[in-house]
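*Asks:* A single structure is presented below for examination.
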Amino acid sequence: MNKRDRQRLGQRLQKMALALAPDLPNGGLNPPATEAEMAAAEEALGLPLPAGVRQLYGMANGMQHGTELLAGYRWLPLLDPEMLSLWRVAQQAAADPTMREIVREQRKNINEAGGAVFNTFALPRRVPVATLGGDECLVLDLNPAKAGKRGQVVAFDVSDDGTPAILAGDLPGLFLSVLKNWESGALQRDAEGVWGSTLPGLSVAQLLAGASPSRRLSDDELWARIEALWCRLCPELPNGGFRPGLTHEQIIAHRYTGPIYSRTMTPFLSWCQEPLYYRHDGMEREAPPLFAGMGRWMPYEEQRAFWVVQRTRCPLNGIANPIGIHEDGRRFVESIPLVRYTVTPDWKTRQEVAPSVEHYLERVYFAVTEGRIHWDGGTRQWRFTADGSVLDGPLDGGRTYESHMPEPTFDVNGRVISG
């Protein structure tokens with residue numbers, strides 16, 4: 001997350017906090033945590049905090065008592081007594097000799113969400129980050145089950161093991177989901193202080209997990225269905241052509257390698273793309289292109305190689321981060337929002353396709369399952385079922401416009417120094 005993204009997110013958090021608690025300074029948000037406070041928290045917890053979590057606490061060190069920014073949950077400050085108390089409960093239970101056999105058995109029990117969460121709360125490397133009061137809390141799960149993701153946010157009732165629910169792939173994702181649904185009016189708090197969803201058929205938990213007014217499926221459900229669909233489309237490829245996801249260590253390494261863009265100094269792998277590469281490192285070339293009609297999702301190393309070449313052709317392209325490339329090599333798409341670029345000398349023509357990758361993939365999924373488009377394995381093209389024509393572009397159209405970018409300035413070696 002670059003400086004501009006952090007400032008924008010901080011402003012949105014403050015605006016929501018002030019709307020919920022107008023009588024409190026800064027809406028109940030505490031001042032930002034210092035580096036010393038974050039280091040002390042990591043030492044007390046015995047583990048490093050993910051970069052995105054550190055960035056959030058660099059905006060505000062949690063919230064005061066009596067505030068509930070996260071749909072009823074209070075965001076806990078670092079080293080807050082509630083945070084440490086819940087953390088010690090898990091640590092002590094896991095270390096208690098009388099509990100070891102119970103914990104060993106509980107580790108075998110996997111949550112219903114695709115084998116992503118160990119059901120028991122009493123495990124190390126879990127950091128409580130919010131509480132609903134009593135034994136209900138949100139945990140930063142740094143000890144996921146095989147199908148889970150390190151850093152996922154899980155809702156636990158400490159007194160009732162066996163009922164955890166994944167709310168987000170990471171803590172920044174949870175905050176963004178809350179803000180999106182609050183700002184759209186989908187998530188509201190009534191006069192009695194009760195949080196609820198204004199969307200028929202969607203609960204608060206579903207909203208936090210990624211459902212939205214313009215989508216029918218949560219992020220996790222969507223990806224599970226997409227993966228199953230691709231396994232049916234190309235059963236000869238392992239996992240339908242999806243490559244294994246990058247590890248946390250690889251994500252951190254990629255954040256600081258590759259081309260460094262001028263002026264903004266944005267890392268090569270954009271923060272908004274990290275959840276995608278935690279899931280999968282792109283797709284194999286033989287698989288049907290994920291962005292039907294627009295392009296194939298590139299693995300990280302291929303993305304970097306393509307990007308280096310394109311930067312030598314057009315220095316202005318530092319404004320975009322590709323995640324997919326069309327088979328003819330002329331176009332690619334980026335996130336967020338999902339945009340299709342046409343590679344031209346001036347690099348200015350682009351087409352906004354969807355608010356996010358998941359929005360577009362949901363359209364693709366339903367278009368396939370409802371029989372509106374199909375994959376032609378013979379010609380290796382997506383086609384409209386009704387007339388057999390080739391799908392060569394966004395599934396549902398999109399707004400085309402020209403970006404307005406300043407002209408670049410170059411140094412004596414031809415490197416961009418501004419623009």
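Ordering of the structure tokens sets the chain letters (A, B, ...); residue numbers start at 1 within each chain; ligands are numbered from 1 in the order shown.
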Per residue of region 272-298 of chain A within 8 Å of region 368-390 of chain A, which atom pair is closest and at what distance in Å (one decimal), using only C-alpha atoms, listed by chain and increasing number, as CSV?

*Replies:*
residue,atom,partner,partner_atom,distance
A:Pro288,CA,A:Trp375,CA,7.1
A:Ala292,CA,A:Trp382,CA,6.4
A:Gly293,CA,A:Trp382,CA,6.3

*Asks:* Would you mind listing what lies within 8 Å of region 12-25 of chain A as a PDB file with N, CA and C atoms, in the first residue's frame, with only C-alpha atoms counted and same-chain residues fewer than 5 positions away left out?

*Replies:*
ATOM      1  N   THR A  67     -16.262   1.836  21.386  1.00  0.00           N
ATOM      2  CA  THR A  67     -16.401   2.093  19.952  1.00  0.00           C
ATOM      3  C   THR A  67     -16.411   0.755  19.206  1.00  0.00           C
ATOM      4  N   LEU A  69     -16.038  -0.033  15.296  1.00  0.00           N
ATOM      5  CA  LEU A  69     -15.897   0.310  13.888  1.00  0.00           C
ATOM      6  C   LEU A  69     -16.191  -0.871  12.964  1.00  0.00           C
ATOM      7  N   LEU A 179     -15.700  -0.708   4.968  1.00  0.00           N
ATOM      8  CA  LEU A 179     -15.860   0.646   4.440  1.00  0.00           C
ATOM      9  C   LEU A 179     -16.747   0.659   3.205  1.00  0.00           C
ATOM     10  N   TRP A 182     -20.350   0.042   4.289  1.00  0.00           N
ATOM     11  CA  TRP A 182     -20.858   1.163   5.072  1.00  0.00           C
ATOM     12  C   TRP A 182     -21.160   2.351   4.159  1.00  0.00           C
TER      13      TRP A 182
END
